[in-house]
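Chemist: Pasting data_6.cif below, which is mmCIF, C-alpha atoms (C1' of nucleotides).
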```
data_query
#
loop_
_atom_site.group_PDB
_atom_site.id
_atom_site.type_symbol
_atom_site.label_atom_id
_atom_site.label_comp_id
_atom_site.auth_asym_id
_atom_site.auth_seq_id
_atom_site.Cartn_x
_atom_site.Cartn_y
_atom_site.Cartn_z
ATOM 1 C CA MET A 1293 -68.789 8.935 -63.276
ATOM 2 C CA PRO A 1294 -66.638 8.716 -66.338
ATOM 3 C CA GLU A 1295 -68.610 7.688 -69.380
ATOM 4 C CA LEU A 1296 -67.519 8.098 -72.976
ATOM 5 C CA PRO A 1297 -67.562 11.927 -73.018
ATOM 6 C CA GLU A 1298 -65.493 12.175 -69.847
ATOM 7 C CA VAL A 1299 -62.982 9.653 -71.173
ATOM 8 C CA GLU A 1300 -62.761 11.605 -74.416
ATOM 9 C CA THR A 1301 -62.148 14.755 -72.415
ATOM 10 C CA VAL A 1302 -59.358 13.024 -70.523
ATOM 11 C CA ARG A 1303 -57.897 11.872 -73.818
ATOM 12 C CA ARG A 1304 -57.889 15.394 -75.204
ATOM 13 C CA GLY A 1305 -56.211 16.650 -72.056
ATOM 14 C CA LEU A 1306 -53.546 13.956 -71.968
ATOM 15 C CA ALA A 1307 -52.726 13.771 -75.680
ATOM 16 C CA PRO A 1308 -50.850 17.089 -76.059
ATOM 17 C CA VAL A 1309 -48.802 16.311 -72.959
ATOM 18 C CA MET A 1310 -48.035 12.652 -73.626
ATOM 19 C CA GLU A 1311 -47.691 12.379 -77.384
ATOM 20 C CA GLY A 1312 -44.040 12.489 -78.326
ATOM 21 C CA ALA A 1313 -42.968 12.249 -74.693
ATOM 22 C CA ARG A 1314 -40.530 9.618 -73.468
ATOM 23 C CA VAL A 1315 -41.264 7.684 -70.296
ATOM 24 C CA THR A 1316 -38.441 8.120 -67.792
ATOM 25 C CA LYS A 1317 -40.066 6.205 -64.962
ATOM 26 C CA VAL A 1318 -43.223 4.321 -64.027
ATOM 27 C CA GLU A 1319 -44.107 3.991 -60.379
ATOM 28 C CA LEU A 1320 -46.842 1.598 -59.279
ATOM 29 C CA ARG A 1321 -47.700 2.224 -55.661
ATOM 30 C CA ARG A 1322 -49.751 -0.895 -55.095
ATOM 31 C CA PRO A 1323 -49.914 -4.323 -56.744
ATOM 32 C CA ASP A 1324 -53.327 -3.946 -58.299
ATOM 33 C CA LEU A 1325 -56.388 -1.921 -59.061
ATOM 34 C CA ARG A 1326 -59.434 -3.838 -60.213
ATOM 35 C CA PHE A 1327 -57.019 -6.281 -61.830
ATOM 36 C CA PRO A 1328 -53.406 -6.928 -60.827
ATOM 37 C CA PHE A 1329 -50.979 -4.766 -62.782
ATOM 38 C CA PRO A 1330 -49.437 -6.943 -65.499
ATOM 39 C CA ILE A 1331 -46.048 -8.375 -64.621
ATOM 40 C CA GLY A 1332 -43.356 -6.155 -66.093
ATOM 41 C CA LEU A 1333 -45.658 -3.236 -66.844
ATOM 42 C CA ALA A 1334 -43.185 -0.605 -65.668
ATOM 43 C CA GLU A 1335 -40.279 -2.189 -67.525
ATOM 44 C CA ALA A 1336 -42.335 -2.457 -70.713
ATOM 45 C CA VAL A 1337 -43.206 1.226 -70.673
ATOM 46 C CA GLU A 1338 -40.037 2.837 -69.330
ATOM 47 C CA GLY A 1339 -37.763 4.191 -72.015
ATOM 48 C CA ARG A 1340 -40.491 4.114 -74.660
ATOM 49 C CA THR A 1341 -42.164 7.096 -76.297
ATOM 50 C CA PHE A 1342 -45.896 7.679 -76.558
ATOM 51 C CA THR A 1343 -46.932 8.072 -80.184
ATOM 52 C CA SER A 1344 -50.651 8.705 -79.712
ATOM 53 C CA ILE A 1345 -53.478 8.562 -77.207
ATOM 54 C CA SER A 1346 -56.734 7.168 -78.533
ATOM 55 C CA ARG A 1347 -60.031 5.972 -77.138
ATOM 56 C CA ARG A 1348 -62.413 3.074 -77.706
ATOM 57 C CA ALA A 1349 -65.693 3.261 -75.764
ATOM 58 C CA LYS A 1350 -64.607 4.099 -72.203
ATOM 59 C CA TYR A 1351 -61.098 2.740 -72.685
ATOM 60 C CA LEU A 1352 -58.074 4.970 -73.084
ATOM 61 C CA LEU A 1353 -55.420 3.515 -75.374
ATOM 62 C CA MET A 1354 -51.912 4.875 -74.927
ATOM 63 C CA HIS A 1355 -49.791 3.801 -77.864
ATOM 64 C CA LEU A 1356 -46.033 3.388 -77.513
ATOM 65 C CA ASP A 1357 -43.383 3.479 -80.214
ATOM 66 C CA ASP A 1358 -42.608 -0.244 -80.010
ATOM 67 C CA GLY A 1359 -46.174 -1.390 -80.621
ATOM 68 C CA THR A 1360 -47.093 -1.745 -76.978
ATOM 69 C CA VAL A 1361 -50.412 -0.274 -75.874
ATOM 70 C CA LEU A 1362 -51.184 0.773 -72.328
ATOM 71 C CA ILE A 1363 -54.926 0.236 -71.823
ATOM 72 C CA SER A 1364 -56.567 2.325 -69.148
ATOM 73 C CA HIS A 1365 -60.074 2.348 -67.763
ATOM 74 C CA LEU A 1366 -61.211 4.911 -65.195
ATOM 75 C CA GLY A 1367 -63.846 2.672 -63.646
ATOM 76 C CA MET A 1368 -66.101 4.649 -61.357
ATOM 77 C CA SER A 1369 -63.778 7.087 -59.687
ATOM 78 C CA GLY A 1370 -60.571 7.137 -61.703
ATOM 79 C CA SER A 1371 -58.931 10.344 -62.880
ATOM 80 C CA PHE A 1372 -55.670 11.493 -64.372
ATOM 81 C CA ARG A 1373 -53.748 14.509 -63.200
ATOM 82 C CA ILE A 1374 -50.791 16.248 -64.763
ATOM 83 C CA ASP A 1375 -48.099 17.623 -62.499
ATOM 84 C CA TRP A 1376 -45.550 19.810 -64.258
ATOM 85 C CA GLU A 1377 -42.006 19.894 -62.958
ATOM 86 C CA GLY A 1378 -41.214 23.246 -61.411
ATOM 87 C CA GLU A 1379 -44.831 24.210 -60.908
ATOM 88 C CA ALA A 1380 -46.127 24.033 -57.387
ATOM 89 C CA ALA A 1381 -49.269 22.057 -56.843
ATOM 90 C CA VAL A 1382 -52.291 24.233 -56.242
ATOM 91 C CA PRO A 1383 -52.408 24.607 -52.477
ATOM 92 C CA GLY A 1384 -55.414 23.298 -50.651
ATOM 93 C CA VAL A 1385 -56.863 21.329 -53.510
ATOM 94 C CA PHE A 1386 -56.700 18.009 -51.770
ATOM 95 C CA HIS A 1387 -58.033 19.419 -48.540
ATOM 96 C CA HIS A 1388 -61.190 20.383 -50.355
ATOM 97 C CA ASP A 1389 -61.532 17.231 -52.391
ATOM 98 C CA ARG A 1390 -60.722 14.164 -50.409
ATOM 99 C CA SER A 1391 -61.873 12.023 -53.307
ATOM 100 C CA LYS A 1392 -58.643 12.927 -55.087
ATOM 101 C CA SER A 1393 -56.370 12.417 -52.109
ATOM 102 C CA PRO A 1394 -52.725 11.545 -52.879
ATOM 103 C CA LEU A 1395 -53.490 8.445 -50.838
ATOM 104 C CA HIS A 1396 -55.155 7.157 -54.008
ATOM 105 C CA ASP A 1397 -52.407 8.119 -56.457
ATOM 106 C CA HIS A 1398 -51.798 4.546 -57.600
ATOM 107 C CA ALA A 1399 -49.640 4.986 -60.681
ATOM 108 C CA VAL A 1400 -47.222 7.727 -61.723
ATOM 109 C CA ILE A 1401 -45.757 8.009 -65.210
ATOM 110 C CA ASP A 1402 -42.845 10.428 -65.469
ATOM 111 C CA LEU A 1403 -42.333 11.993 -68.876
ATOM 112 C CA ALA A 1404 -39.579 13.871 -70.667
ATOM 113 C CA ARG A 1405 -40.956 15.882 -73.552
ATOM 114 C CA PRO A 1406 -39.241 16.961 -76.776
ATOM 115 C CA ASP A 1407 -39.552 20.594 -75.689
ATOM 116 C CA GLY A 1408 -37.512 19.827 -72.587
ATOM 117 C CA LYS A 1409 -40.375 20.045 -70.131
ATOM 118 C CA ARG A 1410 -40.973 17.276 -67.665
ATOM 119 C CA ALA A 1411 -44.326 16.189 -66.357
ATOM 120 C CA SER A 1412 -45.862 13.402 -64.341
ATOM 121 C CA VAL A 1413 -49.120 11.806 -65.392
ATOM 122 C CA ILE A 1414 -50.772 10.480 -62.262
ATOM 123 C CA TYR A 1415 -53.590 7.969 -62.078
ATOM 124 C CA ASN A 1416 -55.803 8.462 -59.005
ATOM 125 C CA ASP A 1417 -58.686 6.138 -58.152
ATOM 126 C CA PRO A 1418 -60.225 5.963 -54.657
ATOM 127 C CA ARG A 1419 -62.540 3.086 -55.449
ATOM 128 C CA ARG A 1420 -60.046 1.209 -57.579
ATOM 129 C CA PHE A 1421 -62.598 0.034 -60.129
ATOM 130 C CA GLY A 1422 -60.293 1.186 -62.890
ATOM 131 C CA PHE A 1423 -57.278 -0.603 -64.288
ATOM 132 C CA LEU A 1424 -54.108 -0.429 -66.336
ATOM 133 C CA LEU A 1425 -53.330 -3.287 -68.698
ATOM 134 C CA LEU A 1426 -50.950 -3.965 -71.556
ATOM 135 C CA SER A 1427 -51.579 -5.185 -75.061
ATOM 136 C CA ALA A 1428 -49.698 -5.413 -78.314
ATOM 137 C CA GLU A 1429 -50.922 -3.057 -81.018
ATOM 138 C CA ASN A 1430 -51.540 -5.873 -83.481
ATOM 139 C CA GLN A 1431 -53.610 -7.833 -80.965
ATOM 140 C CA LEU A 1432 -55.623 -4.922 -79.678
ATOM 141 C CA HIS A 1433 -58.773 -5.722 -81.634
ATOM 142 C CA GLU A 1434 -58.741 -9.245 -80.212
ATOM 143 C CA HIS A 1435 -58.260 -8.123 -76.640
ATOM 144 C CA PRO A 1436 -60.967 -9.718 -74.440
ATOM 145 C CA LEU A 1437 -62.055 -6.334 -73.109
ATOM 146 C CA LEU A 1438 -62.273 -4.702 -76.529
ATOM 147 C CA ARG A 1439 -63.251 -7.359 -79.045
ATOM 148 C CA ASN A 1440 -66.976 -7.474 -78.220
ATOM 149 C CA LEU A 1441 -67.581 -3.744 -78.027
ATOM 150 C CA GLY A 1442 -70.409 -2.356 -80.124
ATOM 151 C CA VAL A 1443 -70.754 0.762 -82.219
ATOM 152 C CA GLU A 1444 -69.418 4.116 -81.041
ATOM 153 C CA PRO A 1445 -72.188 6.651 -80.451
ATOM 154 C CA THR A 1446 -69.984 9.363 -81.935
ATOM 155 C CA GLY A 1447 -69.777 10.357 -85.566
ATOM 156 C CA ASN A 1448 -72.539 9.149 -87.869
ATOM 157 C CA MET A 1449 -72.196 5.394 -87.466
ATOM 158 C CA LEU A 1450 -75.141 5.102 -85.117
ATOM 159 C CA ASP A 1451 -78.304 5.953 -87.044
ATOM 160 C CA GLY A 1452 -81.931 4.878 -86.837
ATOM 161 C CA ALA A 1453 -81.418 1.896 -89.107
ATOM 162 C CA VAL A 1454 -78.425 0.547 -87.194
ATOM 163 C CA LEU A 1455 -80.196 1.031 -83.883
ATOM 164 C CA ALA A 1456 -83.404 -0.624 -85.077
ATOM 165 C CA LYS A 1457 -81.477 -3.625 -86.337
ATOM 166 C CA MET A 1458 -79.484 -4.122 -83.133
ATOM 167 C CA LEU A 1459 -82.549 -3.858 -80.877
ATOM 168 C CA ALA A 1460 -84.902 -5.953 -83.007
ATOM 169 C CA GLY A 1461 -86.421 -8.755 -80.980
ATOM 170 C CA LYS A 1462 -84.739 -7.697 -77.743
ATOM 171 C CA LYS A 1463 -86.897 -8.385 -74.704
ATOM 172 C CA ALA A 1464 -84.773 -6.439 -72.228
ATOM 173 C CA PRO A 1465 -85.937 -2.983 -71.163
ATOM 174 C CA LEU A 1466 -84.665 -0.231 -73.440
ATOM 175 C CA LYS A 1467 -82.606 1.164 -70.561
ATOM 176 C CA ALA A 1468 -80.741 -2.133 -70.104
ATOM 177 C CA ALA A 1469 -80.154 -2.578 -73.831
ATOM 178 C CA LEU A 1470 -78.584 0.871 -74.154
ATOM 179 C CA LEU A 1471 -76.209 0.078 -71.290
ATOM 180 C CA ASP A 1472 -75.069 -3.104 -73.057
ATOM 181 C CA GLN A 1473 -71.541 -2.315 -74.225
ATOM 182 C CA THR A 1474 -71.688 -4.997 -76.915
ATOM 183 C CA LEU A 1475 -74.452 -3.017 -78.639
ATOM 184 C CA ILE A 1476 -73.476 0.611 -78.137
ATOM 185 C CA ALA A 1477 -70.037 1.146 -76.651
ATOM 186 C CA GLY A 1478 -69.519 3.910 -74.147
ATOM 187 C CA LEU A 1479 -72.936 4.807 -72.790
ATOM 188 C CA GLY A 1480 -73.352 4.728 -69.020
ATOM 189 C CA ASN A 1481 -76.215 5.258 -66.637
ATOM 190 C CA ILE A 1482 -76.270 9.046 -66.838
ATOM 191 C CA TYR A 1483 -76.266 9.523 -70.599
ATOM 192 C CA VAL A 1484 -78.691 6.676 -71.183
ATOM 193 C CA CYS A 1485 -81.194 8.425 -68.913
ATOM 194 C CA GLU A 1486 -80.569 11.724 -70.674
ATOM 195 C CA ALA A 1487 -80.849 10.258 -74.164
ATOM 196 C CA LEU A 1488 -84.125 8.489 -73.377
ATOM 197 C CA TRP A 1489 -85.540 11.734 -72.041
ATOM 198 C CA ARG A 1490 -84.505 13.610 -75.176
ATOM 199 C CA ALA A 1491 -86.057 10.904 -77.355
ATOM 200 C CA LYS A 1492 -89.229 10.900 -75.225
ATOM 201 C CA LEU A 1493 -88.991 7.130 -74.847
ATOM 202 C CA SER A 1494 -89.699 5.185 -71.676
ATOM 203 C CA PRO A 1495 -86.777 3.286 -70.154
ATOM 204 C CA LEU A 1496 -89.269 0.525 -69.318
ATOM 205 C CA ARG A 1497 -90.320 -0.094 -72.924
ATOM 206 C CA LEU A 1498 -89.023 -3.396 -74.302
ATOM 207 C CA ALA A 1499 -86.034 -2.628 -76.504
ATOM 208 C CA GLY A 1500 -87.417 -4.488 -79.498
ATOM 209 C CA THR A 1501 -90.489 -2.290 -79.636
ATOM 210 C CA ILE A 1502 -88.683 0.648 -81.180
ATOM 211 C CA SER A 1503 -87.816 -1.435 -84.247
ATOM 212 C CA GLY A 1504 -90.153 -1.989 -87.143
ATOM 213 C CA ARG A 1505 -91.072 -5.268 -88.772
ATOM 214 C CA GLY A 1506 -87.932 -7.180 -89.672
ATOM 215 C CA GLY A 1507 -85.779 -4.750 -87.691
ATOM 216 C CA LYS A 1508 -86.585 -1.867 -89.986
ATOM 217 C CA GLN A 1509 -85.903 1.650 -88.862
ATOM 218 C CA THR A 1510 -88.798 3.623 -87.429
ATOM 219 C CA VAL A 1511 -89.555 7.132 -86.270
ATOM 220 C CA ARG A 1512 -88.682 5.999 -82.759
ATOM 221 C CA SER A 1513 -85.365 4.374 -83.663
ATOM 222 C CA GLU A 1514 -84.425 7.447 -85.658
ATOM 223 C CA ARG A 1515 -85.343 9.724 -82.768
ATOM 224 C CA LEU A 1516 -83.393 7.665 -80.257
ATOM 225 C CA ALA A 1517 -80.282 7.435 -82.412
ATOM 226 C CA THR A 1518 -80.345 11.184 -82.905
ATOM 227 C CA ALA A 1519 -80.834 11.766 -79.174
ATOM 228 C CA ILE A 1520 -77.931 9.491 -78.232
ATOM 229 C CA ARG A 1521 -75.561 11.160 -80.674
ATOM 230 C CA ALA A 1522 -76.647 14.622 -79.531
ATOM 231 C CA VAL A 1523 -76.301 13.864 -75.817
ATOM 232 C CA ILE A 1524 -72.811 12.475 -76.336
ATOM 233 C CA ALA A 1525 -71.729 15.272 -78.674
ATOM 234 C CA ASP A 1526 -72.996 17.937 -76.284
ATOM 235 C CA ALA A 1527 -71.219 16.345 -73.336
ATOM 236 C CA ILE A 1528 -67.958 16.082 -75.257
ATOM 237 C CA ALA A 1529 -68.291 19.733 -76.236
ATOM 238 C CA ALA A 1530 -68.908 20.677 -72.607
ATOM 239 C CA GLY A 1531 -65.867 18.663 -71.544
ATOM 240 C CA GLY A 1532 -63.754 20.248 -74.242
ATOM 241 C CA SER A 1533 -64.662 23.700 -73.070
ATOM 242 C CA SER A 1534 -63.700 22.754 -69.529
ATOM 243 C CA LEU A 1535 -60.254 21.724 -70.751
ATOM 244 C CA ARG A 1536 -59.188 25.237 -71.588
ATOM 245 C CA ASP A 1537 -58.339 26.052 -68.023
ATOM 246 C CA TYR A 1538 -57.804 22.657 -66.486
ATOM 247 C CA ARG A 1539 -54.404 23.681 -65.227
ATOM 248 C CA GLN A 1540 -55.840 26.545 -63.228
ATOM 249 C CA ALA A 1541 -58.062 24.109 -61.419
ATOM 250 C CA ASP A 1542 -56.090 21.234 -59.994
ATOM 251 C CA GLY A 1543 -54.553 19.586 -63.009
ATOM 252 C CA SER A 1544 -57.030 16.744 -62.907
ATOM 253 C CA LEU A 1545 -58.872 15.743 -66.026
ATOM 254 C CA GLY A 1546 -62.192 14.207 -66.735
ATOM 255 C CA TYR A 1547 -64.623 15.873 -64.386
ATOM 256 C CA PHE A 1548 -66.491 18.971 -65.330
ATOM 257 C CA GLN A 1549 -69.604 20.824 -64.321
ATOM 258 C CA HIS A 1550 -72.578 19.475 -66.085
ATOM 259 C CA THR A 1551 -76.271 19.941 -65.578
ATOM 260 C CA PHE A 1552 -78.652 17.169 -66.439
ATOM 261 C CA ASN A 1553 -82.297 17.219 -67.422
ATOM 262 C CA VAL A 1554 -83.334 14.091 -65.550
ATOM 263 C CA TYR A 1555 -80.332 12.400 -63.953
ATOM 264 C CA ASP A 1556 -80.416 12.806 -60.164
ATOM 265 C CA ARG A 1557 -83.411 15.141 -60.535
ATOM 266 C CA GLU A 1558 -86.064 13.072 -58.765
ATOM 267 C CA GLY A 1559 -89.060 15.193 -57.786
ATOM 268 C CA HIS A 1560 -88.114 18.098 -60.054
ATOM 269 C CA PRO A 1561 -90.480 19.228 -62.779
ATOM 270 C CA CYS A 1562 -89.809 17.757 -66.214
ATOM 271 C CA PRO A 1563 -87.712 20.359 -68.075
ATOM 272 C CA SER A 1564 -89.534 19.709 -71.331
ATOM 273 C CA PRO A 1565 -91.417 22.940 -72.150
ATOM 274 C CA ASP A 1566 -94.578 21.150 -73.241
ATOM 275 C CA CYS A 1567 -94.701 18.738 -70.304
ATOM 276 C CA SER A 1568 -96.035 19.307 -66.800
ATOM 277 C CA GLY A 1569 -94.767 15.968 -65.461
ATOM 278 C CA THR A 1570 -92.352 15.200 -62.646
ATOM 279 C CA ILE A 1571 -89.070 13.320 -62.799
ATOM 280 C CA HIS A 1572 -89.304 9.905 -61.165
ATOM 281 C CA ARG A 1573 -86.624 7.535 -59.957
ATOM 282 C CA ILE A 1574 -86.996 3.806 -60.403
ATOM 283 C CA VAL A 1575 -84.546 0.928 -60.143
ATOM 284 C CA GLN A 1576 -83.800 -1.203 -63.196
ATOM 285 C CA SER A 1577 -81.394 -4.117 -62.909
ATOM 286 C CA GLY A 1578 -80.071 -2.666 -59.697
ATOM 287 C CA ARG A 1579 -79.450 0.826 -61.036
ATOM 288 C CA SER A 1580 -81.271 4.105 -60.737
ATOM 289 C CA THR A 1581 -83.241 5.259 -63.726
ATOM 290 C CA PHE A 1582 -84.487 8.831 -63.826
ATOM 291 C CA TYR A 1583 -87.263 9.656 -66.266
ATOM 292 C CA CYS A 1584 -90.518 11.501 -66.812
ATOM 293 C CA PRO A 1585 -93.427 9.031 -66.979
ATOM 294 C CA THR A 1586 -95.612 11.757 -68.440
ATOM 295 C CA CYS A 1587 -93.753 12.500 -71.651
ATOM 296 C CA GLN A 1588 -91.527 9.431 -72.050
ATOM 297 C CA ARG A 1589 -93.666 6.686 -73.554
ATOM 298 C "C1'" DG B 580 -78.177 -17.322 -76.722
ATOM 299 C "C1'" DT B 581 -80.279 -13.841 -73.541
ATOM 300 C "C1'" DT B 582 -81.103 -11.579 -69.412
ATOM 301 C "C1'" DT B 583 -80.434 -10.645 -64.568
ATOM 302 C "C1'" DA B 584 -77.960 -10.663 -60.109
ATOM 303 C "C1'" DT B 585 -73.721 -10.353 -57.637
ATOM 304 C "C1'" DT B 586 -69.259 -8.604 -56.741
ATOM 305 C "C1'" DC B 587 -65.463 -5.447 -56.256
ATOM 306 C "C1'" DC B 588 -64.322 -0.474 -53.482
ATOM 307 C "C1'" DT B 589 -64.416 4.005 -50.776
ATOM 308 C "C1'" DG B 590 -66.509 8.408 -49.924
ATOM 309 C "C1'" DA B 591 -70.675 11.010 -49.378
ATOM 310 C "C1'" DC B 592 -74.686 11.287 -47.142
ATOM 311 C "C1'" DC B 593 -78.523 10.479 -43.867
ATOM 312 C "C1'" DG B 594 -80.831 9.450 -39.579
ATOM 313 C "C1'" DC B 595 -80.399 8.751 -34.846
ATOM 314 C "C1'" DT C 728 -69.961 14.528 -32.862
ATOM 315 C "C1'" DG C 729 -69.955 10.148 -34.060
ATOM 316 C "C1'" DC C 730 -71.618 5.938 -35.448
ATOM 317 C "C1'" DG C 731 -73.785 2.654 -38.478
ATOM 318 C "C1'" DG C 732 -76.250 1.907 -42.559
ATOM 319 C "C1'" DT C 733 -77.131 2.818 -47.429
ATOM 320 C "C1'" DC C 734 -76.034 4.238 -51.928
ATOM 321 C "C1'" DA C 735 -73.375 5.246 -56.159
ATOM 322 C "C1'" DG C 736 -71.919 2.574 -60.569
ATOM 323 C "C1'" DG C 737 -68.558 -0.290 -64.967
ATOM 324 C "C1'" DA C 738 -68.020 -4.481 -66.262
ATOM 325 C "C1'" DA C 739 -66.409 -9.284 -65.187
ATOM 326 C "C1'" DT C 740 -68.495 -13.175 -63.610
ATOM 327 C "C1'" DA C 741 -71.905 -16.348 -62.191
ATOM 328 C "C1'" DA C 742 -76.399 -17.807 -62.323
ATOM 329 C "C1'" DA C 743 -81.012 -18.305 -64.015
#
```
Please, can you express the file's structure as structure tokens?
Modeler:
Amino acid sequence: MPELPEVETVRRGLAPVMEGARVTKVELRRPDLRFPFPIGLAEAVEGRTFTSISRRAKYLLMHLDDGTVLISHLGMSGSFRIDWEGEAAVPGVFHHDRSKSPLHDHAVIDLARPDGKRASVIYNDPRRFGFLLLSAENQLHEHPLLRNLGVEPTGNMLDGAVLAKMLAGKKAPLKAALLDQTLIAGLGNIYVCEALWRAKLSPLRLAGTISGRGGKQTVRSERLATAIRAVIADAIAAGGSSLRDYRQADGSLGYFQHTFNVYDREGHPCPSPDCSGTIHRIVQSGRSTFYCPTCQR
DNA sequence: GTTTATTCCTGACCGC
DNA sequence: TGCGGTCAGGAATAAA
């Protein structure tokens, strides 16, 4: 499940291949993913050169030299793969991982790089919840999908004061509030569960209750902000370390081994050293929440 | 304005 | 072994 750290990992994998590369061909193998491909997408991208690959929340932004931006979202099951010309695909990969079958290679971007190498960047997405869209650079911040996004949980923007202010008065469960992309941009189900566990806060607690009077920062808001930043930073670091040898694997980007403290750990003992509780699974707004009722209050 | 439910999709998994 | 049912989840959209 690609959340912000996975998307950032994909970005770091794609950037050195795509930046400075000219697009020789774009092949769309079906008319749509979650949304129809924009009319003229291939023509708009072919012949242009990628200047940079950036990220906003879970969106990948591929900037072209004429001010066009290719917006990509991996949805639930999307991934990118890099095939280098002259290098055989790793045999057997797709036999072992049907989820990345060539059947679901929906878009192929052929590149010619300044160093003379040629590569194809391939978008694969079995469940087709992802999408590729176009925007103009100077309208990017007004794009309907991007304009309402909240604060990035990276860097030092998200602190206890900011968090307390944004959650003040909120009646939704803390879990739901943290998933709201207009508040914090890029958190998904997994890292929300992990961050709440680290902060020792219950996902059931009403979001507003971690703020002080008048939305002032509190010990709890400080603890949660720190936990969110740490969970995301750790996951990005783990993804970065998996990038080193991504070409030995199967060329695909964005998925890496990761162990979680609570996510998908129902029935396991709480990993917190000073807690003898058990991880529970509940459903909140239709989604699984994993947490320890003993130490998360 | 705020919050919750539904919808899209396919593969993995489980029980019979 | 095969079949049917359930589940996973990001975010637009509709509904409460």
Chemist: Using only C-alpha atoms (C1' of nucleotides), find each residue in chain A having at least one atom no more than 8 Å away from chain C; report its shortest atom-to-atom pair and that distance in Å (one decimal), rows by chain then rising number, as a Markdown table.
Modeler:
```
| residue | atom | partner | partner_atom | distance |
| --- | --- | --- | --- | --- |
| A:Met1293 | CA | C:DG736 | C1' | 7.6 |
| A:Gly1367 | CA | C:DG737 | C1' | 5.7 |
| A:Met1368 | CA | C:DG736 | C1' | 6.2 |
| A:Phe1421 | CA | C:DG737 | C1' | 7.7 |
| A:Asn1481 | CA | C:DG736 | C1' | 7.9 |
| A:Arg1579 | CA | C:DG736 | C1' | 7.7 |
```
Chemist: Please, what distance in Å, to one decimal, runs between CA of Asn1430 (chain A) and CA of Gly1359 (chain A)?
Modeler: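 Computing the Euclidean distance for CA of Asn1430 (chain A) and CA of Gly1359 (chain A) yields 7.6 Å.
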Chemist: Once the PyMOL selection byres ((chain A) within 9 of (chain B)) has been applied to the shown file, what residues remain in the selection, as a ChimeraX atom specification?
Modeler: /A:1326,1390-1391,1418-1421,1462-1464,1577-1578
Chemist: Could you list, as a PDB file with C-alpha atoms, in the coordinates of the input, every residue matched by the PyMOL selection byres ((chain A and resi 1341-1355) around 7) in this structure?
Modeler:
```pdb
ATOM      1  CA  GLU A1295     -68.610   7.688 -69.380  1.00  0.00           C
ATOM      2  CA  LEU A1296     -67.519   8.098 -72.976  1.00  0.00           C
ATOM      3  CA  VAL A1299     -62.982   9.653 -71.173  1.00  0.00           C
ATOM      4  CA  GLU A1300     -62.761  11.605 -74.416  1.00  0.00           C
ATOM      5  CA  ARG A1303     -57.897  11.872 -73.818  1.00  0.00           C
ATOM      6  CA  ALA A1307     -52.726  13.771 -75.680  1.00  0.00           C
ATOM      7  CA  MET A1310     -48.035  12.652 -73.626  1.00  0.00           C
ATOM      8  CA  GLU A1311     -47.691  12.379 -77.384  1.00  0.00           C
ATOM      9  CA  GLY A1312     -44.040  12.489 -78.326  1.00  0.00           C
ATOM     10  CA  ALA A1313     -42.968  12.249 -74.693  1.00  0.00           C
ATOM     11  CA  ARG A1314     -40.530   9.618 -73.468  1.00  0.00           C
ATOM     12  CA  VAL A1315     -41.264   7.684 -70.296  1.00  0.00           C
ATOM     13  CA  GLY A1339     -37.763   4.191 -72.015  1.00  0.00           C
ATOM     14  CA  ARG A1340     -40.491   4.114 -74.660  1.00  0.00           C
ATOM     15  CA  LEU A1356     -46.033   3.388 -77.513  1.00  0.00           C
ATOM     16  CA  ASP A1357     -43.383   3.479 -80.214  1.00  0.00           C
ATOM     17  CA  GLY A1359     -46.174  -1.390 -80.621  1.00  0.00           C
ATOM     18  CA  THR A1360     -47.093  -1.745 -76.978  1.00  0.00           C
ATOM     19  CA  VAL A1361     -50.412  -0.274 -75.874  1.00  0.00           C
ATOM     20  CA  LEU A1362     -51.184   0.773 -72.328  1.00  0.00           C
ATOM     21  CA  ILE A1363     -54.926   0.236 -71.823  1.00  0.00           C
ATOM     22  CA  SER A1364     -56.567   2.325 -69.148  1.00  0.00           C
ATOM     23  CA  HIS A1365     -60.074   2.348 -67.763  1.00  0.00           C
ATOM     24  CA  GLU A1444     -69.418   4.116 -81.041  1.00  0.00           C
ATOM     25  CA  ALA A1477     -70.037   1.146 -76.651  1.00  0.00           C
ATOM     26  CA  GLY A1478     -69.519   3.910 -74.147  1.00  0.00           C
TER      27      GLY A1478
END
```
Chemist: Please compute the CA of Ala1525 (chain A)-CA of Leu1425 (chain A) distance, one decimal, in Å.
Modeler: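 Between CA of Ala1525 (chain A) and CA of Leu1425 (chain A) the gap works out to 28.0 Å.
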Chemist: What is the distance, in Å and to one decimal place, between CA of Ile1574 (chain A) and CA of Ala1491 (chain A)?
Modeler: 18.4 Å
Chemist: Excluding region 1399-1407 of chain A and any residue of its chain fewer than 2 positions from it, enumerate the residues within 7 Å of it, using all atoms listed in the file, and give them as JSON, numbers by chain.
Modeler: {"A": [1312, 1313, 1314, 1315, 1316, 1317, 1318, 1319, 1320, 1321, 1397, 1409, 1410, 1411, 1412, 1413, 1414, 1415]}
Chemist: Can you list, as a list in words, every protein, DNA or RNA residue that comes within 8 Å of Thr1446 (chain A) when you count all atoms listed in the file, leaving out same-chain residues fewer than 4 positions away?
Modeler: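 Once the adjacent positions are removed, what remains is Leu1450, Arg1521, Ile1524 and Ala1525 of chain A.
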Chemist: At a cut-off of 10 Å, using only C-alpha atoms (C1' of nucleotides), what residues contact Phe1327 (chain A)? Leave out same-chain residues fewer than 2 positions from it and give the result as a list in words.
Modeler: Pro1323, Asp1324, Leu1325, Phe1329, Pro1330, Arg1420, Phe1421, Gly1422, Phe1423, Leu1424 and Leu1425 of chain A
Chemist: How big is the axis-aligned box around the listed atoms of region 731-740 of chain C once 6 Å is added on each side, and where is its centre? Give both in Å to one decimal, as AutoDock Vina command-line options.
Modeler:
```
--center_x -71.8 --center_y -4.0 --center_z -52.4 --size_x 22.7 --size_y 30.4 --size_z 39.8
```
